[in-house]
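Below: my_file_3.csv (CSV, C-alpha atoms)
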chain,number,residue,atom,x,y,z
A,1,MET,CA,0.0,0.0,0.0
A,2,LEU,CA,2.9,2.4,0.8
A,3,SER,CA,4.4,1.8,-2.6
A,4,ALA,CA,1.0,2.5,-4.2
A,5,SER,CA,0.8,5.8,-2.3
A,6,LEU,CA,4.3,6.7,-3.7
A,7,TYR,CA,3.3,5.9,-7.2
A,8,ILE,CA,0.2,8.1,-6.9
A,9,GLY,CA,2.4,10.9,-5.5
A,10,LEU,CA,4.9,10.6,-8.4
A,11,TYR,CA,2.1,10.5,-10.9
A,12,GLN,CA,0.5,13.6,-9.5
A,13,LEU,CA,3.9,15.5,-9.6
A,14,ARG,CA,4.6,14.4,-13.1
A,15,GLU,CA,1.2,14.4,-14.9
A,16,LEU,CA,-1.3,16.6,-13.0
A,17,SER,CA,-1.6,20.3,-12.3
A,18,ILE,CA,-1.8,19.9,-8.5
A,19,PRO,CA,0.7,22.2,-6.7
A,20,ASP,CA,3.8,20.3,-5.6
A,21,HIS,CA,3.4,21.3,-1.9
A,22,ALA,CA,-0.1,19.9,-1.9
A,23,VAL,CA,1.1,16.5,-3.3
A,24,LEU,CA,3.9,16.3,-0.7
A,25,ASN,CA,1.6,17.1,2.2
A,26,GLU,CA,-1.1,14.6,1.2
A,27,SER,CA,1.3,11.9,0.4
A,28,VAL,CA,3.1,12.3,3.7
A,29,ALA,CA,-0.3,12.4,5.5
A,30,ALA,CA,-1.3,9.1,3.7
A,31,SER,CA,1.6,7.4,5.5
A,32,GLN,CA,-0.2,8.1,8.8
A,33,ASP,CA,-3.5,6.9,7.4
A,34,LEU,CA,-1.9,3.7,6.3
A,35,LYS,CA,-0.7,3.2,9.9
A,36,LYS,CA,3.0,3.6,8.8
A,37,PRO,CA,4.0,6.9,10.6
A,38,TRP,CA,7.7,5.8,10.3
A,39,ALA,CA,7.4,6.2,6.5
A,40,LYS,CA,6.5,9.9,6.6
A,41,ALA,CA,10.1,11.1,6.3
A,42,LEU,CA,10.9,8.5,3.7
A,43,VAL,CA,8.0,9.5,1.5
A,44,ASN,CA,8.8,13.1,1.8
A,45,ALA,CA,12.5,12.5,0.9
A,46,ILE,CA,11.6,10.3,-2.1
A,47,LEU,CA,9.2,12.9,-3.6
A,48,ARG,CA,11.5,15.8,-2.9
A,49,ASN,CA,14.4,14.0,-4.5
A,50,TYR,CA,12.2,13.4,-7.6
A,51,LEU,CA,11.4,17.1,-7.8
A,52,ARG,CA,15.1,18.0,-7.5
A,53,ARG,CA,16.2,15.5,-10.1
A,54,GLN,CA,13.2,15.6,-12.4
A,55,ALA,CA,15.0,16.9,-15.5
A,56,GLU,CA,17.8,14.4,-15.0
A,57,LEU,CA,15.3,11.5,-14.6
A,58,ASP,CA,13.3,12.6,-17.6
A,59,ALA,CA,16.4,12.6,-19.7
A,60,SER,CA,17.3,9.1,-18.6
A,61,ILE,CA,13.8,7.9,-19.5
A,62,ASP,CA,14.3,9.4,-23.0
A,63,LEU,CA,17.3,7.1,-23.4
A,64,ALA,CA,15.6,4.0,-22.2
A,65,GLU,CA,14.2,1.2,-24.3
A,66,GLU,CA,11.0,2.0,-26.2
A,67,HIS,CA,8.6,0.1,-23.9
A,68,VAL,CA,10.1,1.9,-20.9
A,69,ARG,CA,9.8,5.3,-22.5
A,70,PHE,CA,6.2,4.7,-23.5
A,71,SER,CA,5.2,2.8,-20.4
A,72,PHE,CA,4.0,-0.2,-22.4
A,73,PRO,CA,4.6,-3.9,-21.8
A,74,LYS,CA,7.6,-5.0,-23.9
A,75,TRP,CA,5.7,-7.6,-25.9
A,76,LEU,CA,3.0,-5.2,-26.9
A,77,SER,CA,5.5,-2.4,-27.8
A,78,GLN,CA,7.3,-4.9,-30.0
A,79,GLU,CA,4.1,-6.0,-31.7
A,80,LEU,CA,2.9,-2.5,-32.4
A,81,LYS,CA,6.3,-1.5,-33.7
A,82,ARG,CA,6.3,-4.6,-36.0
A,83,ALA,CA,2.8,-3.8,-37.3
A,84,TRP,CA,3.0,0.1,-37.4
A,85,PRO,CA,6.7,1.1,-37.4
A,86,SER,CA,6.1,4.6,-38.7
A,87,ASP,CA,3.0,5.2,-36.5
A,88,LEU,CA,4.3,3.8,-33.2
A,89,LYS,CA,4.9,7.1,-31.4
A,90,GLN,CA,1.4,8.4,-32.5
A,91,ILE,CA,-0.2,5.2,-31.2
A,92,VAL,CA,1.5,5.1,-27.8
A,93,ALA,CA,1.1,8.9,-27.3
A,94,GLY,CA,-2.6,8.6,-28.1
A,95,SER,CA,-3.0,5.5,-25.9
A,96,ASN,CA,-1.4,7.3,-22.9
A,97,GLN,CA,-3.7,10.4,-23.1
A,98,ARG,CA,-7.1,11.0,-21.6
A,99,PRO,CA,-9.9,9.9,-23.9
A,100,PRO,CA,-12.5,12.3,-25.3
A,101,MET,CA,-16.1,12.1,-24.5
A,102,THR,CA,-17.9,11.6,-27.8
A,103,LEU,CA,-21.6,11.8,-28.5
A,104,ARG,CA,-23.7,10.2,-31.2
A,105,VAL,CA,-26.5,12.6,-32.4
A,106,ASN,CA,-29.8,10.9,-33.2
A,107,ALA,CA,-30.2,12.1,-36.7
A,108,SER,CA,-33.8,11.0,-36.8
A,109,HIS,CA,-34.5,13.8,-34.5
A,110,LEU,CA,-32.1,16.6,-35.3
A,111,SER,CA,-28.9,17.4,-37.3
A,112,LYS,CA,-25.5,17.5,-35.9
A,113,GLU,CA,-25.3,21.2,-36.6
A,114,GLU,CA,-28.6,21.8,-34.7
A,115,TYR,CA,-27.3,19.9,-31.7
A,116,LEU,CA,-24.0,21.7,-31.7
A,117,GLN,CA,-26.0,25.0,-31.5
A,118,ARG,CA,-28.0,23.5,-28.6
A,119,LEU,CA,-24.7,22.7,-26.7
A,120,LEU,CA,-23.4,26.2,-27.3
A,121,GLU,CA,-26.6,27.7,-25.9
A,122,SER,CA,-26.2,25.4,-22.8
A,123,GLY,CA,-22.6,26.6,-22.3
A,124,LEU,CA,-20.9,23.4,-23.3
A,125,GLU,CA,-17.9,23.5,-25.6
A,126,ALA,CA,-18.0,21.0,-28.4
A,127,GLU,CA,-16.8,20.3,-31.9
A,128,PRO,CA,-18.0,18.1,-34.7
A,129,GLY,CA,-16.3,14.8,-35.5
A,130,LYS,CA,-14.4,14.6,-38.8
A,131,LEU,CA,-15.4,11.0,-39.8
A,132,ALA,CA,-18.9,10.1,-38.8
A,133,ALA,CA,-21.9,12.4,-39.7
A,134,THR,CA,-23.3,11.9,-36.2
A,135,ALA,CA,-20.2,12.5,-34.0
A,136,VAL,CA,-19.7,15.4,-31.6
A,137,TYR,CA,-16.8,15.8,-29.2
A,138,LEU,CA,-17.4,17.5,-25.9
A,139,GLY,CA,-14.6,19.9,-24.8
A,140,THR,CA,-14.9,18.5,-21.2
A,141,PRO,CA,-16.4,15.2,-20.1
A,142,THR,CA,-19.8,15.8,-18.6
A,143,ALA,CA,-22.3,13.8,-16.6
A,144,VAL,CA,-25.0,12.5,-18.9
A,145,SER,CA,-27.6,14.1,-16.6
A,146,LYS,CA,-26.2,17.5,-17.7
A,147,ILE,CA,-26.0,16.7,-21.4
A,148,PRO,CA,-28.9,18.5,-23.2
A,149,GLY,CA,-31.4,16.0,-24.7
A,150,PHE,CA,-29.8,12.9,-23.3
A,151,ASP,CA,-32.8,11.7,-21.4
A,152,GLU,CA,-35.0,12.5,-24.3
A,153,GLY,CA,-33.0,10.3,-26.6
A,154,LEU,CA,-31.5,13.1,-28.7
A,155,VAL,CA,-27.9,11.8,-28.2
A,156,SER,CA,-25.9,8.9,-26.8
A,157,VAL,CA,-22.4,8.4,-25.7
A,158,GLN,CA,-20.4,6.4,-28.3
A,159,ASP,CA,-16.9,6.7,-29.7
A,160,GLU,CA,-16.7,8.0,-33.3
A,161,ALA,CA,-15.1,4.8,-34.5
A,162,SER,CA,-18.3,2.8,-33.7
A,163,GLN,CA,-20.5,5.4,-35.2
A,164,LEU,CA,-19.1,4.5,-38.7
A,165,ILE,CA,-20.6,1.0,-38.5
A,166,PRO,CA,-24.2,1.8,-39.8
A,167,GLU,CA,-22.9,3.4,-43.0
A,168,LEU,CA,-20.5,0.6,-43.6
A,169,LEU,CA,-23.3,-2.0,-43.3
A,170,GLN,CA,-25.1,-0.4,-46.3
A,171,LEU,CA,-28.4,-0.6,-44.5
A,172,GLY,CA,-31.8,-0.5,-46.3
A,173,PRO,CA,-35.5,-0.9,-45.6
A,174,HIS,CA,-36.9,-4.4,-44.8
A,175,GLN,CA,-33.5,-5.9,-43.9
A,176,ARG,CA,-32.9,-8.4,-41.1
A,177,VAL,CA,-29.9,-7.4,-39.2
A,178,LEU,CA,-27.9,-9.2,-36.5
A,179,ASP,CA,-25.6,-7.5,-34.0
A,180,ALA,CA,-23.5,-10.2,-32.5
A,181,CYS,CA,-21.7,-9.5,-29.1
A,182,ALA,CA,-24.1,-6.5,-28.9
A,183,ALA,CA,-23.8,-5.2,-25.3
A,184,PRO,CA,-24.1,-2.5,-24.1
A,185,GLY,CA,-26.2,-1.7,-27.1
A,186,GLY,CA,-24.6,1.4,-28.6
A,187,LYS,CA,-24.1,-0.3,-32.0
A,188,THR,CA,-27.6,-1.8,-32.1
A,189,CYS,CA,-29.1,1.6,-31.3
A,190,GLY,CA,-26.9,3.4,-33.9
A,191,ILE,CA,-28.1,0.9,-36.5
A,192,LEU,CA,-31.8,1.4,-35.7
A,193,GLU,CA,-31.4,5.2,-35.7
A,194,SER,CA,-29.7,5.0,-39.1
A,195,GLU,CA,-32.4,2.8,-40.7
A,196,ARG,CA,-35.9,2.9,-39.0
A,197,SER,CA,-37.5,0.5,-41.5
A,198,LEU,CA,-35.7,-2.7,-40.8
A,199,THR,CA,-37.8,-5.8,-40.7
A,200,LYS,CA,-36.0,-7.2,-37.7
A,201,MET,CA,-33.0,-6.2,-35.5
A,202,THR,CA,-31.6,-9.0,-33.4
A,203,SER,CA,-29.0,-8.3,-30.7
A,204,VAL,CA,-27.2,-11.2,-28.9
A,205,ASP,CA,-24.7,-11.1,-26.0
A,206,ILE,CA,-23.6,-13.8,-23.6
A,207,ALA,CA,-23.3,-11.5,-20.5
A,208,SER,CA,-26.6,-11.4,-18.6
A,209,GLU,CA,-25.6,-8.3,-16.6
A,210,ARG,CA,-24.8,-6.4,-19.8
A,211,ILE,CA,-28.1,-7.4,-21.5
A,212,THR,CA,-29.8,-5.0,-19.1
A,213,LYS,CA,-27.8,-2.1,-20.6
A,214,ILE,CA,-29.1,-3.0,-24.1
A,215,HIS,CA,-32.7,-2.9,-22.9
A,216,ASP,CA,-32.0,0.4,-21.0
A,217,ASN,CA,-30.5,2.1,-24.2
A,218,LEU,CA,-33.4,0.8,-26.4
A,219,ALA,CA,-36.0,2.2,-23.9
A,220,ARG,CA,-34.3,5.6,-23.6
A,221,LEU,CA,-34.2,5.9,-27.4
A,222,SER,CA,-37.7,4.5,-28.0
A,223,LEU,CA,-36.3,1.7,-30.2
A,224,GLU,CA,-37.1,-2.0,-30.5
A,225,ALA,CA,-34.9,-5.0,-31.1
A,226,LYS,CA,-35.1,-8.7,-30.3
A,227,VAL,CA,-32.5,-9.0,-27.5
A,228,GLN,CA,-31.3,-12.4,-26.5
A,229,CYS,CA,-28.8,-13.6,-23.8
A,230,ALA,CA,-27.0,-16.5,-25.4
A,231,ASP,CA,-23.6,-17.8,-26.5
A,232,ILE,CA,-23.5,-16.5,-30.1
A,233,SER,CA,-21.6,-19.7,-31.2
A,234,GLN,CA,-24.5,-21.9,-30.1
A,235,LEU,CA,-26.9,-21.3,-32.9
A,236,ASP,CA,-29.7,-23.5,-31.5
A,237,SER,CA,-29.9,-21.3,-28.4
A,238,TRP,CA,-30.9,-18.1,-30.3
A,239,TRP,CA,-31.3,-18.4,-34.1
A,240,ASP,CA,-34.7,-19.1,-35.7
A,241,GLY,CA,-33.1,-20.4,-38.9
A,242,GLU,CA,-34.1,-17.4,-41.0
A,243,PRO,CA,-31.0,-15.8,-42.6
A,244,PHE,CA,-29.9,-12.2,-42.1
A,245,ASP,CA,-29.2,-9.6,-44.7
A,246,ARG,CA,-26.5,-7.9,-42.6
A,247,ILE,CA,-24.4,-9.3,-39.7
A,248,LEU,CA,-22.2,-7.2,-37.5
A,249,VAL,CA,-19.5,-9.2,-35.7
A,250,ASP,CA,-17.8,-6.8,-33.2
A,251,ALA,CA,-15.5,-9.5,-32.0
A,252,PRO,CA,-14.0,-10.0,-28.6
A,253,CYS,CA,-10.4,-8.8,-28.9
A,254,SER,CA,-7.3,-7.5,-27.2
A,255,ALA,CA,-8.8,-4.0,-27.0
A,256,THR,CA,-5.3,-2.6,-27.8
A,257,GLY,CA,-7.0,0.3,-29.7
A,258,VAL,CA,-8.8,1.6,-26.5
A,259,ILE,CA,-6.0,1.6,-24.0
A,260,ARG,CA,-6.6,5.3,-23.4
A,261,ARG,CA,-10.0,4.3,-22.0
A,262,HIS,CA,-8.8,1.1,-20.2
A,263,PRO,CA,-5.1,1.6,-19.2
A,264,ASP,CA,-5.2,-1.5,-17.2
A,265,ILE,CA,-5.0,-3.4,-20.5
A,266,LYS,CA,-1.3,-2.7,-20.5
A,267,LEU,CA,-0.9,-4.6,-17.3
A,268,LEU,CA,-3.5,-7.4,-17.7
A,269,ARG,CA,-3.3,-8.4,-21.3
A,270,THR,CA,-0.8,-11.0,-22.5
A,271,HIS,CA,0.2,-12.4,-25.8
A,272,ASN,CA,-1.1,-15.8,-24.8
A,273,GLU,CA,-4.5,-14.2,-24.3
A,274,VAL,CA,-4.4,-12.7,-27.7
A,275,ARG,CA,-3.8,-16.1,-29.2
A,276,LYS,CA,-6.9,-17.4,-27.4
A,277,LEU,CA,-8.9,-14.5,-28.7
A,278,VAL,CA,-7.8,-15.1,-32.3
A,279,LEU,CA,-9.2,-18.6,-32.0
A,280,LEU,CA,-12.5,-17.3,-30.6
A,281,GLN,CA,-12.8,-14.7,-33.4
A,282,GLN,CA,-12.2,-17.5,-36.0
A,283,LYS,CA,-14.9,-19.6,-34.4
A,284,PHE,CA,-17.4,-16.7,-34.5
A,285,LEU,CA,-16.8,-16.1,-38.2
A,286,GLU,CA,-17.2,-19.7,-39.0
A,287,VAL,CA,-20.3,-20.2,-37.0
A,288,LEU,CA,-22.1,-17.1,-38.1
A,289,TRP,CA,-21.4,-17.3,-41.8
A,290,PRO,CA,-24.2,-19.8,-42.4
A,291,CYS,CA,-26.6,-17.3,-40.8
A,292,LEU,CA,-26.0,-14.8,-43.7
A,293,GLN,CA,-28.1,-15.1,-46.8
A,294,PRO,CA,-26.5,-15.0,-50.3
A,295,ASN,CA,-25.4,-11.5,-51.4
A,296,GLY,CA,-25.6,-10.4,-47.7
A,297,LEU,CA,-22.8,-8.5,-46.0
A,298,LEU,CA,-20.9,-9.3,-42.8
A,299,LEU,CA,-19.0,-6.5,-41.1
A,300,TYR,CA,-16.2,-7.7,-38.9
A,301,THR,CA,-14.8,-5.2,-36.5
A,302,THR,CA,-12.4,-5.1,-33.5
A,303,CYS,CA,-11.0,-2.4,-31.3
A,304,SER,CA,-7.6,-4.0,-31.8
A,305,LEU,CA,-4.4,-2.7,-33.5
A,306,LEU,CA,-2.9,-6.1,-33.9
A,307,PRO,CA,-2.9,-7.6,-37.5
A,308,GLU,CA,-3.3,-11.2,-36.2
A,309,GLU,CA,-6.8,-10.2,-34.9
A,310,ASN,CA,-7.6,-8.2,-38.0
A,311,ASP,CA,-6.2,-8.5,-41.5
A,312,GLN,CA,-4.6,-11.9,-40.9
A,313,GLN,CA,-7.8,-13.2,-39.3
A,314,ILE,CA,-9.8,-12.1,-42.4
A,315,GLN,CA,-7.2,-13.5,-44.8
A,316,GLN,CA,-7.5,-16.9,-43.2
A,317,PHE,CA,-11.3,-16.8,-43.3
A,318,LEU,CA,-11.4,-15.8,-47.0
A,319,GLU,CA,-8.9,-18.5,-47.9
A,320,SER,CA,-11.0,-21.2,-46.1
A,321,THR,CA,-14.4,-20.0,-47.2
A,322,ASP,CA,-15.3,-20.3,-50.9
A,323,SER,CA,-18.5,-18.3,-50.6
A,324,ALA,CA,-16.8,-15.3,-48.9
A,325,LYS,CA,-15.6,-12.3,-51.0
A,326,PHE,CA,-13.8,-9.3,-49.6
A,327,GLU,CA,-15.8,-6.1,-50.3
A,328,GLY,CA,-13.5,-3.0,-50.4
A,329,ILE,CA,-14.4,-0.1,-48.1
A,330,ALA,CA,-14.3,3.2,-50.1
A,331,ALA,CA,-13.3,5.8,-47.5
A,332,ASP,CA,-10.7,8.5,-47.0
A,333,TRP,CA,-10.1,7.8,-43.3
A,334,GLY,CA,-7.8,5.5,-41.5
A,335,VAL,CA,-5.2,3.2,-43.0
A,336,GLU,CA,-6.1,1.0,-46.0
A,337,CYS,CA,-5.2,-2.6,-45.3
A,338,ARG,CA,-5.3,-5.6,-47.6
A,339,TYR,CA,-8.7,-6.7,-46.3
A,340,GLY,CA,-10.1,-3.6,-44.6
A,341,ARG,CA,-9.4,-0.3,-42.9
A,342,GLN,CA,-7.7,0.5,-39.7
A,343,LEU,CA,-8.1,3.5,-37.4
A,344,LEU,CA,-5.1,4.1,-35.2
A,345,THR,CA,-5.3,5.6,-31.8
A,346,GLY,CA,-4.3,9.2,-32.2
A,347,ALA,CA,-5.4,12.7,-31.6
A,348,ARG,CA,-7.1,13.9,-28.4
A,349,ASN,CA,-10.4,14.6,-30.3
A,350,GLY,CA,-10.3,11.6,-32.5
A,351,PRO,CA,-11.6,8.0,-32.6
A,352,ASP,CA,-10.3,5.0,-30.8
A,353,GLY,CA,-8.2,2.4,-32.6
A,354,PHE,CA,-10.6,0.3,-34.6
A,355,TYR,CA,-10.5,-2.2,-37.5
A,356,TYR,CA,-13.2,-2.9,-40.1
A,357,SER,CA,-13.6,-5.6,-42.8
A,358,LEU,CA,-16.6,-6.0,-45.0
A,359,ILE,CA,-17.3,-9.5,-46.5
A,360,ARG,CA,-20.0,-10.4,-49.0
A,361,LYS,CA,-21.6,-13.8,-49.4
A,362,VAL,CA,-21.5,-15.0,-53.0
Is it possible to give me this structure as C-alpha cells?
Amino acid sequence: MLSASLYIGLYQLRELSIPDHAVLNESVAASQDLKKPWAKALVNAILRNYLRRQAELDASIDLAEEHVRFSFPKWLSQELKRAWPSDLKQIVAGSNQRPPMTLRVNASHLSKEEYLQRLLESGLEAEPGKLAATAVYLGTPTAVSKIPGFDEGLVSVQDEASQLIPELLQLGPHQRVLDACAAPGGKTCGILESERSLTKMTSVDIASERITKIHDNLARLSLEAKVQCADISQLDSWWDGEPFDRILVDAPCSATGVIRRHPDIKLLRTHNEVRKLVLLQQKFLEVLWPCLQPNGLLLYTTCSLLPEENDQQIQQFLESTDSAKFEGIAADWGVECRYGRQLLTGARNGPDGFYYSLIRKV
C-alpha cells in the first residue's frame, strides 16, 4: 500500500496540475492513514528527491528502451512496432492520453449542426467529428444528466469509430440485421437510428448483466430489437433459422485500440490471451457465416491494433471459405489494409483504434 501511495504521488507530480506542496503534504499524510508513521520522512524524501532530479530523470527515460519510454509492456510495444513502425509514437502517445467524450447525435430527431448549437446555448464547448456524420466531441467530459437532450434520446455516448458502422453496413429498408456481441447496445441503437424501416433487429450477447444495458438504451431511445442472452456460437440457443441480410461481428479482442479508456489493459493483457482471442474470433466467423443469406454483408470489427486479430484473421477466413468475398471499403479515413481499414489511436479529439472488414456472401 505504501508503494502505491508513492506511485500516486509521483504520478501527480509528473502528470497533474496539483501544486507540488499539496502533493507532498497529502502523500506524507497518507503514511499516517496507512498506519505507517515511520514512513512519513521516507515518502517526503523520495518525492522531494524526484522534484530536484526531475530533469535528469526525464532525460534518462528518453534514453531508455521504447517500452520503458512509452510505459508499455515489452511484448506489446514490439508487436505495435512490427505492425505500425512509422506510427508507433502516434499510437502510444494517443494511448497514454485521456480519452475524449464523444456523443452520437440521433439524426432521426435533429442534425449534428442543430445539436452543436444547442450545446453552445447550454454553455458546453463541443466540436464536430471529422469522420462520422453523427459524431460530436465535448470539450470537457460531462455527466449525462447534464447533457442536453440525453434523457429524451437526442444523443448517446459512443466513440466516433463505432459510429461509422451503420454506414459501412449499407443498410436499407426491410432488412434483417444481427448484432453479435451486442452489449451494451450502442451499435444496435446506432443501426436502428440510421435505418428505421428494418424488418428485424436481433441483438445477442452472452453476459446477462450487460443485456440489461441494451434494454436500457433501447428504452431511452424508444427503439425496438429482439434481445437475447446467449452464446453466439451456439446457434440453436438463439437463431430461428431465417438468414440475415446484414451481420455485425464486433468480435472480442485484445482492446489494444482503446488503452486510453482502459489503461489496465497494458498490465493485464498477455500475448497468450491474444492467441486465445484469435481462435475465438475465428470460431465466431465460421459459426455465423451460415446465418448470412447470399449477397448479404458481414462486417467484422475489433478495437484492436494487432494484425493477427484483424487483416490476418480475415485473410485466413477468406482462404478457407469459398462463398466469402472481400468487399472493399471506399473511404478517405484510416489506413487502408489488404482486407479492410484500420483507425489508429491518435489525436485527443479523434476516434479509438478500430478495424473494419466487409465481406460479401456470393
Do you have the atom CA of A:Gly353-atom CA of A:Ile147 distance handy?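 Computed distance, atom CA of A:Gly353 to atom CA of A:Ile147, equals 25.4 Å.
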Point (-26.8, -14.8, -18.1), cut-off 8 Å, counting only C-alpha atoms, residues as number ranges by chain: A: 206-209, 229-230
For the contact check between stretch 132-204 of chain A and stretch 249-263 of chain A, emit one row per residue of stretch 132-204 of chain A within 9 Å, containing the shortest atom pair and the distance in Å rounded to one decimal, counting all atoms listed in the file, chain then rising number order, as a tab-separated table.
residue	atom	partner	partner_atom	distance
A:Leu178	CA	A:Val249	CA	8.4
A:Asp179	CA	A:Val249	CA	6.6
A:Ala180	CA	A:Val249	CA	5.2
A:Cys181	CA	A:Asp250	CA	6.3
A:Ala182	CA	A:Asp250	CA	7.6
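Residue nearest A:Gln158 within the list A:Gln281, A:Val144, A:Gly139, A:Gly190: A:Gly190 [criterion: smallest interatomic distance, all atoms listed in the file].
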Atom pair atom CA of A:Phe244 / atom CA of A:Glu224: separation (Å):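 These atoms are spaced 17.0 Å apart.
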For A:Ala83, which residue out of A:Leu63, A:Leu358, A:Val155, A:Cys337 is the nearest one, using all atoms listed in the file?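 Among A:Leu63, A:Leu358, A:Val155, A:Cys337, it is A:Cys337 that comes nearest to A:Ala83.
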Counting only C-alpha atoms, find residues at most 10 Å from (-30.2, 10.7, -23.7) (file frame) and give them as a PDB file with C-alpha atoms, in the frame of the given file.
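What ended up in out-v4.pdb:
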ATOM      1  CA  LEU A 103     -21.600  11.800 -28.500  1.00  0.00           C
ATOM      2  CA  ARG A 104     -23.700  10.200 -31.200  1.00  0.00           C
ATOM      3  CA  VAL A 105     -26.500  12.600 -32.400  1.00  0.00           C
ATOM      4  CA  ASN A 106     -29.800  10.900 -33.200  1.00  0.00           C
ATOM      5  CA  VAL A 144     -25.000  12.500 -18.900  1.00  0.00           C
ATOM      6  CA  SER A 145     -27.600  14.100 -16.600  1.00  0.00           C
ATOM      7  CA  LYS A 146     -26.200  17.500 -17.700  1.00  0.00           C
ATOM      8  CA  ILE A 147     -26.000  16.700 -21.400  1.00  0.00           C
ATOM      9  CA  PRO A 148     -28.900  18.500 -23.200  1.00  0.00           C
ATOM     10  CA  GLY A 149     -31.400  16.000 -24.700  1.00  0.00           C
ATOM     11  CA  PHE A 150     -29.800  12.900 -23.300  1.00  0.00           C
ATOM     12  CA  ASP A 151     -32.800  11.700 -21.400  1.00  0.00           C
ATOM     13  CA  GLU A 152     -35.000  12.500 -24.300  1.00  0.00           C
ATOM     14  CA  GLY A 153     -33.000  10.300 -26.600  1.00  0.00           C
ATOM     15  CA  LEU A 154     -31.500  13.100 -28.700  1.00  0.00           C
ATOM     16  CA  VAL A 155     -27.900  11.800 -28.200  1.00  0.00           C
ATOM     17  CA  SER A 156     -25.900   8.900 -26.800  1.00  0.00           C
ATOM     18  CA  VAL A 157     -22.400   8.400 -25.700  1.00  0.00           C
ATOM     19  CA  ASN A 217     -30.500   2.100 -24.200  1.00  0.00           C
ATOM     20  CA  ARG A 220     -34.300   5.600 -23.600  1.00  0.00           C
ATOM     21  CA  LEU A 221     -34.200   5.900 -27.400  1.00  0.00           C
TER      22      LEU A 221
END
Exercise: A:Leu306 partners within 12 Å, all atoms listed in the file, chain neighbours under 4 positions left out, as a ChimeraX atom specification: /A:75-84,91,253-257,271,274-275,277-278,302,310-313,342-344,353-355
Could you state the separation of atom CA of A:Val68 and atom CA of A:Leu24 in Å, given to one decimal place? 25.6 Å
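Nearest residue to A:Val287, choosing from A:Glu65, A:Glu193, A:Asp231, A:Glu242 and counting all atoms listed in the file: A:Asp231.
Among the candidates A:Lys325, A:His215, A:Lys74, A:His109, the residue lying nearest to A:Arg196 is A:His109 (atoms considered: all atoms listed in the file).
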Residue contacts of A:Leu248 (12 Å, all atoms listed in the file) excluding same-chain residues fewer than 5 positions away, as JSON, numbers by chain: {"A": [162, 165, 166, 167, 168, 169, 170, 171, 176, 177, 178, 179, 180, 181, 182, 187, 188, 191, 201, 202, 203, 204, 232, 284, 285, 288, 289, 291, 292, 296, 297, 298, 299, 300, 301, 302, 356, 357, 358, 359]}
Write the residues of the selection above to a file with C-alpha atoms, as a tab-separated table (two decimals), in the frame of the given file.
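Generated file (part-v3.tsv):
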chain	number	residue	atom	x	y	z
A	162	SER	CA	-18.30	2.80	-33.70
A	165	ILE	CA	-20.60	1.00	-38.50
A	166	PRO	CA	-24.20	1.80	-39.80
A	167	GLU	CA	-22.90	3.40	-43.00
A	168	LEU	CA	-20.50	0.60	-43.60
A	169	LEU	CA	-23.30	-2.00	-43.30
A	170	GLN	CA	-25.10	-0.40	-46.30
A	171	LEU	CA	-28.40	-0.60	-44.50
A	176	ARG	CA	-32.90	-8.40	-41.10
A	177	VAL	CA	-29.90	-7.40	-39.20
A	178	LEU	CA	-27.90	-9.20	-36.50
A	179	ASP	CA	-25.60	-7.50	-34.00
A	180	ALA	CA	-23.50	-10.20	-32.50
A	181	CYS	CA	-21.70	-9.50	-29.10
A	182	ALA	CA	-24.10	-6.50	-28.90
A	187	LYS	CA	-24.10	-0.30	-32.00
A	188	THR	CA	-27.60	-1.80	-32.10
A	191	ILE	CA	-28.10	0.90	-36.50
A	201	MET	CA	-33.00	-6.20	-35.50
A	202	THR	CA	-31.60	-9.00	-33.40
A	203	SER	CA	-29.00	-8.30	-30.70
A	204	VAL	CA	-27.20	-11.20	-28.90
A	232	ILE	CA	-23.50	-16.50	-30.10
A	284	PHE	CA	-17.40	-16.70	-34.50
A	285	LEU	CA	-16.80	-16.10	-38.20
A	288	LEU	CA	-22.10	-17.10	-38.10
A	289	TRP	CA	-21.40	-17.30	-41.80
A	291	CYS	CA	-26.60	-17.30	-40.80
A	292	LEU	CA	-26.00	-14.80	-43.70
A	296	GLY	CA	-25.60	-10.40	-47.70
A	297	LEU	CA	-22.80	-8.50	-46.00
A	298	LEU	CA	-20.90	-9.30	-42.80
A	299	LEU	CA	-19.00	-6.50	-41.10
A	300	TYR	CA	-16.20	-7.70	-38.90
A	301	THR	CA	-14.80	-5.20	-36.50
A	302	THR	CA	-12.40	-5.10	-33.50
A	356	TYR	CA	-13.20	-2.90	-40.10
A	357	SER	CA	-13.60	-5.60	-42.80
A	358	LEU	CA	-16.60	-6.00	-45.00
A	359	ILE	CA	-17.30	-9.50	-46.50
